[in-house]
Each structure stands twice: as structure tokens, then as C-alpha cells.
>>> print(open('final-v3.pdb').read())   # PDB, C-alpha atoms
ATOM      1  CA  CYS A   1      26.363  10.953   7.189
ATOM      2  CA  PRO A   2      23.444  10.378   4.803
ATOM      3  CA  LEU A   3      22.451  14.040   5.034
ATOM      4  CA  GLY A   4      25.703  15.517   3.814
ATOM      5  CA  ALA A   5      29.125  14.117   3.056
ATOM      6  CA  ILE A   6      31.803  14.098   0.388
ATOM      7  CA  VAL A   7      33.472  10.912  -0.767
ATOM      8  CA  ALA A   8      36.316  10.923  -3.289
ATOM      9  CA  GLY A   9      38.004   7.952  -4.885
ATOM     10  CA  SER A  10      38.180   5.599  -7.835
ATOM     11  CA  GLU A  11      35.196   4.790 -10.027
ATOM     12  CA  GLU A  12      35.023   1.356  -8.373
ATOM     13  CA  LEU A  13      34.916   2.958  -4.926
ATOM     14  CA  MET A  14      32.185   5.363  -6.068
ATOM     15  CA  VAL A  15      29.999   2.452  -7.235
ATOM     16  CA  LYS A  16      30.400   0.806  -3.822
ATOM     17  CA  ALA A  17      29.836   4.104  -2.003
ATOM     18  CA  ARG A  18      26.638   4.819  -3.952
ATOM     19  CA  ARG A  19      25.283   1.377  -3.068
ATOM     20  CA  ALA A  20      26.187   1.836   0.597
ATOM     21  CA  LYS A  21      24.586   5.292   0.590
ATOM     22  CA  HIS A  22      21.301   3.854  -0.631
ATOM     23  CA  LEU A  23      21.425   0.961   1.837
ATOM     24  CA  PHE A  24      21.758   3.388   4.731
ATOM     25  CA  GLY A  25      19.071   5.845   3.636
ATOM     26  CA  GLY A  26      21.278   8.388   1.897
ATOM     27  CA  ALA A  27      18.910   8.699  -1.049
ATOM     28  CA  MET A  28      16.014   9.818   1.138
ATOM     29  CA  ARG A  29      14.229  12.969   0.155
ATOM     30  CA  GLN A  30      13.045  15.441   2.763
ATOM     31  CA  ALA A  31      15.260  13.918   5.424
ATOM     32  CA  GLY A  32      14.539  16.968   7.585
ATOM     33  CA  ILE A  33      11.055  15.612   8.242
ATOM     34  CA  VAL A  34      12.597  12.414   9.617
ATOM     35  CA  ALA A  35      15.072  14.434  11.655
ATOM     36  CA  ALA A  36      12.232  16.553  13.046
ATOM     37  CA  ALA A  37      10.543  13.421  14.385
ATOM     38  CA  GLY A  38      13.767  12.452  16.125
ATOM     39  CA  VAL A  39      14.169  15.894  17.659
ATOM     40  CA  TYR A  40      10.555  15.805  18.874
ATOM     41  CA  ALA A  41      11.136  12.409  20.487
ATOM     42  CA  LEU A  42      14.251  13.681  22.250
ATOM     43  CA  ASP A  43      12.422  16.786  23.468
ATOM     44  CA  HIS A  44       9.237  15.021  24.626
ATOM     45  CA  HIS A  45       9.911  11.325  25.255
ATOM     46  CA  LEU A  46      13.506  10.963  26.390
ATOM     47  CA  ASP A  47      12.435  10.288  29.983
ATOM     48  CA  ARG A  48      10.538   7.147  28.934
ATOM     49  CA  LEU A  49      13.196   5.702  26.612
ATOM     50  CA  ALA A  50      14.289   3.312  29.377
ATOM     51  CA  GLU A  51      10.779   1.783  29.269
ATOM     52  CA  ASP A  52      11.214   0.922  25.588
ATOM     53  CA  HIS A  53      14.607  -0.618  26.295
ATOM     54  CA  ALA A  54      13.208  -2.664  29.195
ATOM     55  CA  ARG A  55      10.336  -3.910  27.028
ATOM     56  CA  ALA A  56      12.774  -4.907  24.290
ATOM     57  CA  ARG A  57      14.848  -6.813  26.858
ATOM     58  CA  ARG A  58      11.699  -8.567  28.171
ATOM     59  CA  LEU A  59      10.667  -9.475  24.623
ATOM     60  CA  ALA A  60      14.115 -10.835  23.766
ATOM     61  CA  GLU A  61      14.371 -12.895  26.943
ATOM     62  CA  GLY A  62      10.846 -14.260  26.553
ATOM     63  CA  LEU A  63      11.416 -15.234  22.936
ATOM     64  CA  ALA A  64      14.772 -16.840  23.716
ATOM     65  CA  ALA A  65      13.192 -18.849  26.548
ATOM     66  CA  ALA A  66      10.552 -20.089  24.093
ATOM     67  CA  GLY A  67      13.194 -21.273  21.632
ATOM     68  CA  VAL A  68      13.372 -18.355  19.200
ATOM     69  CA  ALA A  69      16.933 -17.549  18.064
ATOM     70  CA  VAL A  70      17.695 -14.162  19.643
ATOM     71  CA  ASP A  71      21.153 -12.795  20.437
ATOM     72  CA  LEU A  72      20.497 -11.448  23.932
ATOM     73  CA  ASP A  73      23.882  -9.711  24.070
ATOM     74  CA  ALA A  74      22.886  -7.585  21.075
ATOM     75  CA  VAL A  75      19.751  -6.191  22.760
ATOM     76  CA  GLU A  76      20.939  -2.841  24.089
ATOM     77  CA  THR A  77      18.211  -0.507  22.826
ATOM     78  CA  ASN A  78      14.614  -0.883  21.685
ATOM     79  CA  PHE A  79      15.526  -3.183  18.772
ATOM     80  CA  VAL A  80      15.316  -6.976  18.960
ATOM     81  CA  GLN A  81      16.579  -9.047  16.051
ATOM     82  CA  LEU A  82      15.549 -12.651  15.633
ATOM     83  CA  ASP A  83      16.956 -15.254  13.280
ATOM     84  CA  VAL A  84      14.375 -17.445  11.556
ATOM     85  CA  ASP A  85      16.944 -19.708   9.880
ATOM     86  CA  PRO A  86      16.729 -22.354  12.660
ATOM     87  CA  CYS A  87      12.979 -22.513  11.923
ATOM     88  CA  GLY A  88      13.715 -23.434   8.305
ATOM     89  CA  LEU A  89      11.980 -20.277   7.078
ATOM     90  CA  THR A  90      12.960 -17.341   4.933
ATOM     91  CA  LYS A  91      12.244 -13.944   6.424
ATOM     92  CA  TRP A  92       9.352 -13.541   3.971
ATOM     93  CA  GLU A  93       7.769 -16.855   4.985
ATOM     94  CA  ALA A  94       8.187 -15.933   8.638
ATOM     95  CA  LEU A  95       6.654 -12.488   8.094
ATOM     96  CA  ALA A  96       3.639 -14.071   6.386
ATOM     97  CA  ARG A  97       3.123 -16.500   9.290
ATOM     98  CA  LEU A  98       3.487 -13.714  11.821
ATOM     99  CA  LYS A  99       0.973 -11.571   9.941
ATOM    100  CA  GLU A 100      -1.531 -14.462  10.083
ATOM    101  CA  HIS A 101      -1.119 -14.366  13.871
ATOM    102  CA  GLY A 102      -1.559 -10.584  14.017
ATOM    103  CA  VAL A 103       2.112  -9.820  14.679
ATOM    104  CA  GLY A 104       3.934  -7.151  12.691
ATOM    105  CA  LEU A 105       7.725  -7.293  12.522
ATOM    106  CA  SER A 106      10.142  -5.813   9.989
ATOM    107  CA  ALA A 107      12.513  -7.473   7.559
ATOM    108  CA  THR A 108      16.199  -6.579   7.689
ATOM    109  CA  VAL A 109      18.786  -6.679   4.903
ATOM    110  CA  HIS A 110      19.883 -10.119   6.141
ATOM    111  CA  PRO A 111      17.986 -12.995   4.456
ATOM    112  CA  THR A 112      16.870 -14.687   7.701
ATOM    113  CA  THR A 113      16.672 -11.853  10.219
ATOM    114  CA  LEU A 114      13.575 -10.022  11.450
ATOM    115  CA  ARG A 115      13.421  -6.968  13.683
ATOM    116  CA  ALA A 116      10.991  -6.065  16.447
ATOM    117  CA  VAL A 117      10.956  -2.494  17.726
ATOM    118  CA  THR A 118       9.456  -1.273  20.985
ATOM    119  CA  HIS A 119       8.197   2.302  21.163
ATOM    120  CA  LEU A 120       5.685   4.627  22.784
ATOM    121  CA  ASP A 121       2.690   2.653  21.500
ATOM    122  CA  VAL A 122       3.902  -0.798  22.638
ATOM    123  CA  SER A 123       2.581  -1.831  26.056
ATOM    124  CA  ASP A 124       3.649  -4.530  28.504
ATOM    125  CA  GLU A 125       0.566  -6.482  27.416
ATOM    126  CA  ASP A 126       1.696  -6.235  23.783
ATOM    127  CA  ILE A 127       5.087  -7.671  24.759
ATOM    128  CA  GLU A 128       3.501 -10.627  26.577
ATOM    129  CA  ARG A 129       1.206 -11.259  23.617
ATOM    130  CA  ALA A 130       4.187 -11.188  21.232
ATOM    131  CA  ILE A 131       6.097 -13.617  23.468
ATOM    132  CA  ASP A 132       3.124 -15.978  23.185
ATOM    133  CA  LEU A 133       2.386 -15.544  19.468
ATOM    134  CA  ILE A 134       5.805 -15.274  17.799
ATOM    135  CA  PRO A 135       7.044 -18.757  18.793
ATOM    136  CA  ARG A 136       3.680 -20.262  17.788
ATOM    137  CA  ALA A 137       3.792 -18.562  14.396
ATOM    138  CA  LEU A 138       7.367 -19.698  13.803
ATOM    139  CA  GLY A 139       6.686 -23.217  15.064
ATOM    140  CA  VAL A 140       9.419 -23.183  17.724
ATOM    141  CA  LEU A 141       7.513 -23.606  20.968
ATOM    142  CA  VAL A 142       9.669 -25.222  23.624
ATOM    143  CA  GLU A 143       7.854 -27.594  25.965
ATOM    144  CA  ALA A 144       7.901 -26.334  29.554
TER     145      ALA A 144
END
>>> encode(input="final-v3.pdb", output="C-alpha cells")
Amino acid sequence: CPLGAIVAGSEELMVKARRAKHLFGGAMRQAGIVAAAGVYALDHHLDRLAEDHARARRLAEGLAAAGVAVDLDAVETNFVQLDVDPCGLTKWEALARLKEHGVGLSATVHPTTLRAVTHLDVSDEDIERAIDLIPRALGVLVEA
């Protein structure tokens, strides 16, 4: 748990543990603020979580149909990960192209993976627009 845990072991293990802690957010300050946002979401938006998951599924299926590399089996929540390696792009090149098209995605720790997240402020229209723009930006449009 990044908000409180004890790990004991060799110096080598501690070096690895420290790195893992940082990778997973364990060095965050004021983590209570982040936790408060999560509690608020659970208290006020839990009933609409299924909408976010459905939009993520629609996005993933639409992108996959257009030729974007998406692992549909991995889409179980509101996160969609896409692999830009088949496009011959690094994640940074892909992010720059997407930005030029007005699409904001996030980089992951993997060198060729991007992440899209659906949430309260993402509409059905936004999903359809993303399904249209992302393949164009990545240059992977499949002919219908």
C-alpha cells in the first residue's frame, strides 16, 4: 500500500522496493487529498460508473474496428490501453500527433502504450469523435 507499509530485506531488495514504491505513487505527498477525491466519487457517482465502463468498451471496440491495436479482453473498467508499436511510432510521437488532432491521451510506463480514460466529463459524442480522430492521427485507418 503506497500510503503505509513496512518492507524488510536485503539492501538489494530495498533498492528495488524503493523504485517500485515510486513507480506506483508511494512517494506522493498529501495522498489524503487524492483519497478524498476517490471517496467523493464513491459517495456521489457510483451509480453512473457503469456508463464510464460502457463508454470505454465502445471506444475500445471502435478503435479496434478501425485498426488500432487494442486488447479488448483487457477492457474491464474505464481504462483503454492502445499499442502504437504497429503504427511505427513511439508513445511520444503518437501523443504529439494526437494533440495536433485535439485528442488527449496519457502515456504509460510501457514505451509504446497509451491510455484513454472515460469519466464523468466524457460524453458519447466525445467517444465517437475519438473513434474517428485517433485512427486518423495514428495513420491506421482501415478501409471499410
>>> residues_around(input="final-v3.pdb", residues="A:Arg97", least_positions_apart="3", cutoff="12 Å", atoms="all atoms listed in the file", output="list of chain:residue names")
A:Val84, A:Cys87, A:Leu89, A:Thr90, A:Lys91, A:Trp92, A:Glu93, A:Ala94, A:Glu100, A:His101, A:Gly102, A:Val103, A:Gly104, A:Leu105, A:Leu133, A:Ile134, A:Pro135, A:Arg136, A:Ala137, A:Leu138, A:Gly139
>>> axis_aligned_box(input="final-v3.pdb", around="stretch 58-70 of chain A", padding_each_side="5 Å", output="lines of an AutoDock Vina configuration file")
center_x = 14.1
center_y = -14.9
center_z = 23.1
size_x = 17.1
size_y = 22.7
size_z = 20.1
>>> atom_distance(input="final-v3.pdb", atom1="atom CA of A:Gly67", atom2="atom CA of A:Thr108")
20.5 Å
>>> closest_residue(input="final-v3.pdb", among="A:Leu114, A:Val15, A:Ala130, A:Ala37", to="A:Ala69", atoms="only C-alpha atoms")
A:Leu114
>>> atom_distance(input="final-v3.pdb", atom1="atom CA of A:Val7", atom2="atom CA of A:Val39")
27.1 Å
>>> residues_around(input="final-v3.pdb", residues="A:Thr77", least_positions_apart="4", cutoff="10 Å", atoms="all atoms listed in the file", output="ChimeraX atom specification")
/A:49-50,52-57,117-118
>>> atom_distance(input="final-v3.pdb", atom1="atom CA of A:Leu82", atom2="atom CA of A:Val70")
4.8 Å
>>> residues_near_point(input="final-v3.pdb", point="(16.5, -12.8, 23.2)", cutoff="10 Å", atoms="only C-alpha atoms", output="PyMOL selection string")
chain A and resi 56-75+80-82
>>> closest_residue(input="final-v3.pdb", among="A:Ala8, A:Leu95, A:Gly88, A:Gly38", to="A:Ala116", atoms="only C-alpha atoms")
A:Leu95
